[in-house]
Amino acid sequence: MSGLTPSQTVGPYFAMRLPWPDGPYVVTDGTPDAITIVGRVFDGAGNVIPDAIIETWQADQDGRFAHPDDPRGASPAGYGGFRGFGRCETAADGSYRIVTVKPGPLPTPDGDIEAPHLDVSVFARGLLDRLVTRMYFPDELAANAADPVLCSVEPARRGTLIAIAEPEGHLRFDVWLQGGRETVFFDL
Amino acid sequence: MTSDVRTAFRQETQPQVRQEPSRLLLPVYERPPAGVHPPLDYSGYRSTALRHPKRPLVLLPHRLTEVTGPLLGSDLITATDADLTAQHDGEPIGQRIIVTGRVLDSDGRPVPDTLLEIWQANAAGRYRHSREHHPAPLDPNFTGIGRCITDAGGRYRFVTIAPGAYPWGNHYNAWRPAHIHFSLFGRAFSQRLVTQMYFPGDPLLVLDPMFNSVPDEAARQRLIARFDINLTQPEWALGYEWDIVLRGRSATAFEEPHE
């Protein structure tokens with residue numbers, strides 16, 4: 001077995017390379033049923049973090065992945081322009097934005113059903129390793145209540161993983177790296 | 001949560017699930033041994049103080065979202081992306097270097113067709129970035145960014161300029177050793193890695209909080225590339241080799257055998 005290569009921080013200058021012009025677009029602009037996820041990233045003093053980068057990974061609307069390790073294969077619907085992956089650096093006000101579609105529920109090897117979710121990575125100066133969290137949807141009360149991952153989180157903190165529906169139709173998913181509102185992060 | 005809710009939800013989704021295999025079999029990625037990755041709370045690197053979670057991380061099983069990942073293809077790559085000395089009209093100032101190696105998983109298997117992204121300072125230790133204020137010159141012929149896709153054997157290759165060391169405000173007289181930032185996707189969300197490659201013999205390494213944040217000595221040494229005279233091209237460029245090892249899959253009964 002070869003030894004793993006350690007993680008190192010993205011540092012302050014990742015914006016030279018990592019942002020892509022279409023990075024925030026998991027689906028192409030104008031896709032029917034597209035949703036916009038907005039949020040801000042905060043540190044332990046409640047200050048916004050203007051040098052973080054958020055990445056998202058998710059299933060398509062049918063809960064499938066165009067990937068060899070999804071034994072069911074890509075969705076027969078063949079959603080054109082769906083990349084599954086989103087990437088957005090935070091702006092001066094700590095904000096990011098991802099344009100995507102809501103994924104379908106996912107089966108697990110144990111026979112459970114995972115509620116629709118996005119896996120989220122957070123990178124920033126001051127983070128020596130990436131942080132991993134998940135975003136769930138606020139209109140999935142029953143599915144969220146049955147989700148094995150959410151159920152493994154202490155009830156008082158589950159809310160940090162569930163996006164908030166905003167009046168203008170966006171979903172808000174703020175990420176708090178530390179402090180009283182600290183987001184639940186996962187050991188992957 | 002009640003079991004009624006779960007049962008009702010399963011019935012709702014039954015039409016989607018019916019044509020799928022009766023039992024979903026997924027790979028599981030190994031958990032990194034202790035000491036390989038830096039702790040999130042590391043006093044030597046001041047910026048970690050307000051940016052590390054204080055609550056324990058919650059164990060996330062590896063399921064569909066974690067064992068899959070973006071397979072970003074060569075449509076992203078342009079001709080000069082892997083040659084950072086050829087992205088402008090003129091040649092950049094500095095020592096030309098070749099940086100090459102393989103992307104492997106921890107079982108030694110190559111990771112083919114995976115995207116690498118790199119960024120670095122120029123020969124004077126200056127990054128081309130709006131928030132960079134080090135009073136060293138920018139090089140009009142060097143941007144310091146690259147991309148490449150591994151070949152079928154997991155190999156990547158960049159041509160670039162040896163980056164300079166640069167000062168940072170972490171503590172008095174703090175200098176980062178010369179390094180190149182690497183971002184890798186692997187084949188799964190679980191394999192995603194952002195790291196830095198260092199150069200052999202750099203006297204700044206023993207003083208660098210980021211390098212030394214890796215607890216395990218052997219793991220830390222794996223961040224340092226190896227100079228190789230056989231990769232060095234006469235009258236042209238120094239050659240360095242650096243293999244990058246991503247998490248492998250745990251042994252599972254259903255996995256296909258491999259050499």
# chains A, B, ... in the order shown; residues from 1 in each chain; ligands from 1
$ closest_atom_pairs --of "chain A" --to "chain B" --cutoff "6 Å" --atoms "only C-alpha atoms" --output "JSON lines"
{"residue": "A:Met1", "atom": "CA", "partner": "B:Asp107", "partner_atom": "CA", "distance": 5.0}
{"residue": "A:Ser2", "atom": "CA", "partner": "B:Ser106", "partner_atom": "CA", "distance": 4.8}
{"residue": "A:Leu4", "atom": "CA", "partner": "B:Val245", "partner_atom": "CA", "distance": 4.8}
{"residue": "A:Thr5", "atom": "CA", "partner": "B:Val245", "partner_atom": "CA", "distance": 5.1}
{"residue": "A:Pro6", "atom": "CA", "partner": "B:His37", "partner_atom": "CA", "distance": 4.8}
{"residue": "A:Ser7", "atom": "CA", "partner": "B:Thr195", "partner_atom": "CA", "distance": 4.8}
{"residue": "A:Gln8", "atom": "CA", "partner": "B:Thr195", "partner_atom": "CA", "distance": 4.2}
{"residue": "A:Arg17", "atom": "CA", "partner": "B:Ile145", "partner_atom": "CA", "distance": 5.8}
{"residue": "A:Asp43", "atom": "CA", "partner": "B:Arg51", "partner_atom": "CA", "distance": 5.3}
{"residue": "A:Gly44", "atom": "CA", "partner": "B:Leu50", "partner_atom": "CA", "distance": 4.7}
{"residue": "A:Pro109", "atom": "CA", "partner": "B:Leu24", "partner_atom": "CA", "distance": 4.7}
{"residue": "A:Gly126", "atom": "CA", "partner": "B:Thr48", "partner_atom": "CA", "distance": 4.3}
{"residue": "A:Leu128", "atom": "CA", "partner": "B:Leu40", "partner_atom": "CA", "distance": 5.7}
{"residue": "A:Ala145", "atom": "CA", "partner": "B:Met1", "partner_atom": "CA", "distance": 5.2}
{"residue": "A:Ala146", "atom": "CA", "partner": "B:Arg6", "partner_atom": "CA", "distance": 5.5}
{"residue": "A:Leu177", "atom": "CA", "partner": "B:Pro53", "partner_atom": "CA", "distance": 5.4}
{"residue": "A:Gln178", "atom": "CA", "partner": "B:Pro53", "partner_atom": "CA", "distance": 4.7}
{"residue": "A:Phe185", "atom": "CA", "partner": "B:Leu57", "partner_atom": "CA", "distance": 5.3}
{"residue": "A:Phe186", "atom": "CA", "partner": "B:Val58", "partner_atom": "CA", "distance": 4.6}
{"residue": "A:Asp187", "atom": "CA", "partner": "B:Leu59", "partner_atom": "CA", "distance": 4.7}
{"residue": "A:Leu188", "atom": "CA", "partner": "B:Leu60", "partner_atom": "CA", "distance": 5.3}
$ write_last_selection --atoms "N, CA and C atoms" --output "CSV table (one decimal), in the first residue's frame"
chain,number,residue,atom,x,y,z
A,1,MET,N,0.8,-1.2,0.0
A,1,MET,CA,0.0,0.0,0.0
A,1,MET,C,0.9,1.2,0.0
A,2,SER,N,0.6,2.1,-0.9
A,2,SER,CA,1.4,3.4,-1.0
A,2,SER,C,0.8,4.4,0.0
A,4,LEU,N,-0.5,7.8,1.5
A,4,LEU,CA,-1.4,8.9,0.9
A,4,LEU,C,-0.6,10.2,0.9
A,5,THR,N,-0.9,11.0,-0.1
A,5,THR,CA,-0.4,12.4,-0.1
A,5,THR,C,-1.2,13.3,0.8
A,6,PRO,N,-0.5,14.0,1.8
A,6,PRO,CA,-1.3,14.8,2.7
A,6,PRO,C,-2.0,16.0,2.0
A,7,SER,N,-3.0,16.5,2.7
A,7,SER,CA,-3.7,17.7,2.3
A,7,SER,C,-2.8,18.9,2.7
A,8,GLN,N,-2.9,20.0,1.9
A,8,GLN,CA,-2.4,21.3,2.3
A,8,GLN,C,-3.5,22.3,2.0
A,17,ARG,N,-6.6,30.1,-10.2
A,17,ARG,CA,-6.8,29.0,-11.0
A,17,ARG,C,-8.2,28.3,-10.9
A,43,ASP,N,-16.7,32.9,9.7
A,43,ASP,CA,-15.7,32.4,10.7
A,43,ASP,C,-16.2,32.4,12.1
A,44,GLY,N,-15.4,32.0,13.0
A,44,GLY,CA,-15.8,31.9,14.4
A,44,GLY,C,-16.1,33.2,15.1
A,109,PRO,N,-27.0,0.9,0.1
A,109,PRO,CA,-26.8,-0.5,0.2
A,109,PRO,C,-27.6,-1.2,1.3
A,126,GLY,N,-6.5,29.1,5.7
A,126,GLY,CA,-6.8,28.8,7.1
A,126,GLY,C,-7.4,27.5,7.3
A,128,LEU,N,-6.5,23.7,6.7
A,128,LEU,CA,-5.4,22.9,6.2
A,128,LEU,C,-5.9,21.6,5.5
A,145,ALA,N,-36.6,13.3,7.5
A,145,ALA,CA,-36.8,12.7,8.8
A,145,ALA,C,-36.3,11.2,8.8
A,146,ALA,N,-36.3,10.6,7.5
A,146,ALA,CA,-36.0,9.2,7.4
A,146,ALA,C,-34.5,9.1,6.9
A,177,LEU,N,-18.1,28.1,10.0
A,177,LEU,CA,-17.0,27.2,10.2
A,177,LEU,C,-16.8,26.9,11.7
A,178,GLN,N,-17.3,27.8,12.6
A,178,GLN,CA,-17.0,27.7,14.0
A,178,GLN,C,-18.0,28.6,14.8
A,185,PHE,N,-20.0,19.3,10.2
A,185,PHE,CA,-19.1,18.8,9.2
A,185,PHE,C,-18.8,17.3,9.4
A,186,PHE,N,-18.5,16.7,8.3
A,186,PHE,CA,-18.4,15.2,8.3
A,186,PHE,C,-17.0,14.7,8.2
A,187,ASP,N,-16.7,13.6,8.8
A,187,ASP,CA,-15.5,12.8,8.6
A,187,ASP,C,-15.8,11.9,7.5
A,188,LEU,N,-15.2,12.2,6.3
A,188,LEU,CA,-15.4,11.4,5.1
A,188,LEU,C,-14.3,10.3,5.0
$ residues_around --residues "segment 147-164 of chain A" --least-positions-apart "2" --cutoff "6 Å" --atoms "only C-alpha atoms" --output "PyMOL selection string"
chain A and resi 114-115+134-138+144-145+171-173+183
$ write_last_selection --atoms "N, CA and C atoms" --output "short mmCIF file (atom, residue, chain, number, x, y, z; two decimals), in the first residue's frame"
data_model
loop_
_atom_site.label_atom_id
_atom_site.label_comp_id
_atom_site.auth_asym_id
_atom_site.auth_seq_id
_atom_site.Cartn_x
_atom_site.Cartn_y
_atom_site.Cartn_z
N GLU A 114 -31.82 7.79 1.05
CA GLU A 114 -31.28 9.09 1.44
C GLU A 114 -32.13 10.19 0.81
N ALA A 115 -32.43 11.19 1.61
CA ALA A 115 -33.19 12.34 1.11
C ALA A 115 -32.35 13.10 0.09
N ARG A 134 -23.16 18.58 4.09
CA ARG A 134 -24.22 18.25 3.15
C ARG A 134 -25.30 19.30 3.22
N MET A 135 -25.94 19.58 2.09
CA MET A 135 -27.11 20.46 2.08
C MET A 135 -28.34 19.65 1.73
N TYR A 136 -29.35 19.73 2.62
CA TYR A 136 -30.66 19.09 2.37
C TYR A 136 -31.70 20.16 2.05
N PHE A 137 -32.87 19.72 1.62
CA PHE A 137 -33.89 20.63 1.12
C PHE A 137 -35.02 20.82 2.15
N PRO A 138 -35.48 22.06 2.29
CA PRO A 138 -36.46 22.36 3.35
C PRO A 138 -37.86 21.81 3.06
N ASN A 144 -36.36 13.91 4.85
CA ASN A 144 -35.28 14.30 5.76
C ASN A 144 -35.38 13.54 7.08
N ALA A 145 -36.61 13.34 7.55
CA ALA A 145 -36.80 12.66 8.83
C ALA A 145 -36.35 11.20 8.75
N LEU A 171 -32.71 29.21 -2.44
CA LEU A 171 -32.45 28.47 -1.21
C LEU A 171 -31.19 29.05 -0.58
N ARG A 172 -31.26 29.30 0.72
CA ARG A 172 -30.08 29.84 1.41
C ARG A 172 -29.41 28.75 2.22
N PHE A 173 -28.10 28.59 1.99
CA PHE A 173 -27.31 27.63 2.77
C PHE A 173 -26.04 28.33 3.24
N THR A 183 -21.76 24.85 11.54
CA THR A 183 -22.33 23.85 10.65
C THR A 183 -21.80 22.46 11.03
#
$ atom_distance --atom1 "atom CA of Trp176 of chain A" --atom2 "atom CA of Phe123 of chain A"
12.8 Å
$ residues_around --residues "Pro116 of chain A" --least-positions-apart "5" --cutoff "6 Å" --atoms "only C-alpha atoms" --output "list in words"
Pro103, Gly104 and Pro105 of chain A
$ write_last_selection --atoms "C-alpha atoms" --output "mmCIF file, in the first residue's frame"
data_model
loop_
_atom_site.group_PDB
_atom_site.id
_atom_site.type_symbol
_atom_site.label_atom_id
_atom_site.label_comp_id
_atom_site.auth_asym_id
_atom_site.auth_seq_id
_atom_site.Cartn_x
_atom_site.Cartn_y
_atom_site.Cartn_z
ATOM 1 C CA PRO A 103 -31.530 15.870 -7.032
ATOM 2 C CA GLY A 104 -33.732 12.833 -6.562
ATOM 3 C CA PRO A 105 -33.650 10.580 -3.490
#
$ atom_distance --atom1 "atom CA of Val111 of chain B" --atom2 "atom CA of Asp69 of chain A"
14.4 Å
$ atom_distance --atom1 "atom CA of Gly84 of chain A" --atom2 "atom CA of Arg155 of chain B"
25.6 Å
$ residues_around --residues "Gly44 of chain B" --least-positions-apart "5" --cutoff "9 Å" --atoms "only C-alpha atoms" --output "PyMOL selection string"
chain B and resi 170-171+208-210+212-213
$ select_by_dssp --residues "chain A" --states "strand (DSSP E or B)" --output "VMD selection string"
chain A and resid 25 35 to 42 48 52 to 57 85 to 89 95 to 100 106 to 107 113 to 114 117 to 124 131 to 136 162 164 to 165 171 to 172 175 to 176 186 to 187
$ residues_around --residues "Ala66 of chain A" --least-positions-apart "5" --cutoff "8 Å" --atoms "only C-alpha atoms" --output "number ranges by chain"
A: 73-75
$ write_last_selection --atoms "N, CA and C atoms" --output "PDB file, in the first residue's frame"
ATOM      1  N   GLY A  73     -26.244   3.300 -13.479  1.00  0.00           N
ATOM      2  CA  GLY A  73     -25.888   4.125 -14.632  1.00  0.00           C
ATOM      3  C   GLY A  73     -26.599   5.454 -14.634  1.00  0.00           C
ATOM      4  N   ALA A  74     -26.348   6.210 -15.694  1.00  0.00           N
ATOM      5  CA  ALA A  74     -26.936   7.531 -15.813  1.00  0.00           C
ATOM      6  C   ALA A  74     -28.445   7.418 -15.983  1.00  0.00           C
ATOM      7  N   SER A  75     -29.118   8.502 -15.673  1.00  0.00           N
ATOM      8  CA  SER A  75     -30.559   8.513 -15.851  1.00  0.00           C
ATOM      9  C   SER A  75     -30.920   8.319 -17.312  1.00  0.00           C
TER      10      SER A  75
END
$ decode --residues "segment 239-250 of chain B" --atoms "N, CA and C atoms" --output "compact mmCIF listing (two decimals), in the first residue's frame"
# COMPACT_ATOMS: atom_id res chain seq x y z
N GLY B 239 14.42 18.42 -14.22
CA GLY B 239 13.28 17.51 -14.10
C GLY B 239 13.00 17.09 -12.67
N TYR B 240 11.74 17.15 -12.28
CA TYR B 240 11.32 16.70 -10.95
C TYR B 240 10.20 15.69 -11.09
N GLU B 241 10.22 14.69 -10.22
CA GLU B 241 9.15 13.70 -10.23
C GLU B 241 8.40 13.76 -8.91
N TRP B 242 7.08 13.76 -9.02
CA TRP B 242 6.25 13.78 -7.81
C TRP B 242 4.99 12.96 -8.05
N ASP B 243 4.89 11.82 -7.37
CA ASP B 243 3.67 11.02 -7.45
C ASP B 243 2.68 11.50 -6.39
N ILE B 244 1.43 11.45 -6.73
CA ILE B 244 0.37 11.89 -5.82
C ILE B 244 -0.52 10.69 -5.55
N VAL B 245 -0.71 10.38 -4.28
CA VAL B 245 -1.47 9.19 -3.91
C VAL B 245 -2.79 9.58 -3.26
N LEU B 246 -3.89 9.16 -3.89
CA LEU B 246 -5.24 9.43 -3.39
C LEU B 246 -5.75 8.20 -2.65
N ARG B 247 -6.80 8.38 -1.87
CA ARG B 247 -7.37 7.25 -1.13
C ARG B 247 -7.78 6.13 -2.08
N GLY B 248 -7.49 4.91 -1.64
CA GLY B 248 -7.93 3.76 -2.41
C GLY B 248 -9.20 3.17 -1.84
N ARG B 249 -9.66 2.11 -2.49
CA ARG B 249 -10.87 1.44 -2.01
C ARG B 249 -10.49 0.39 -0.99
N SER B 250 -11.31 0.24 0.00
CA SER B 250 -11.13 -0.86 0.93
C SER B 250 -11.40 -2.15 0.18
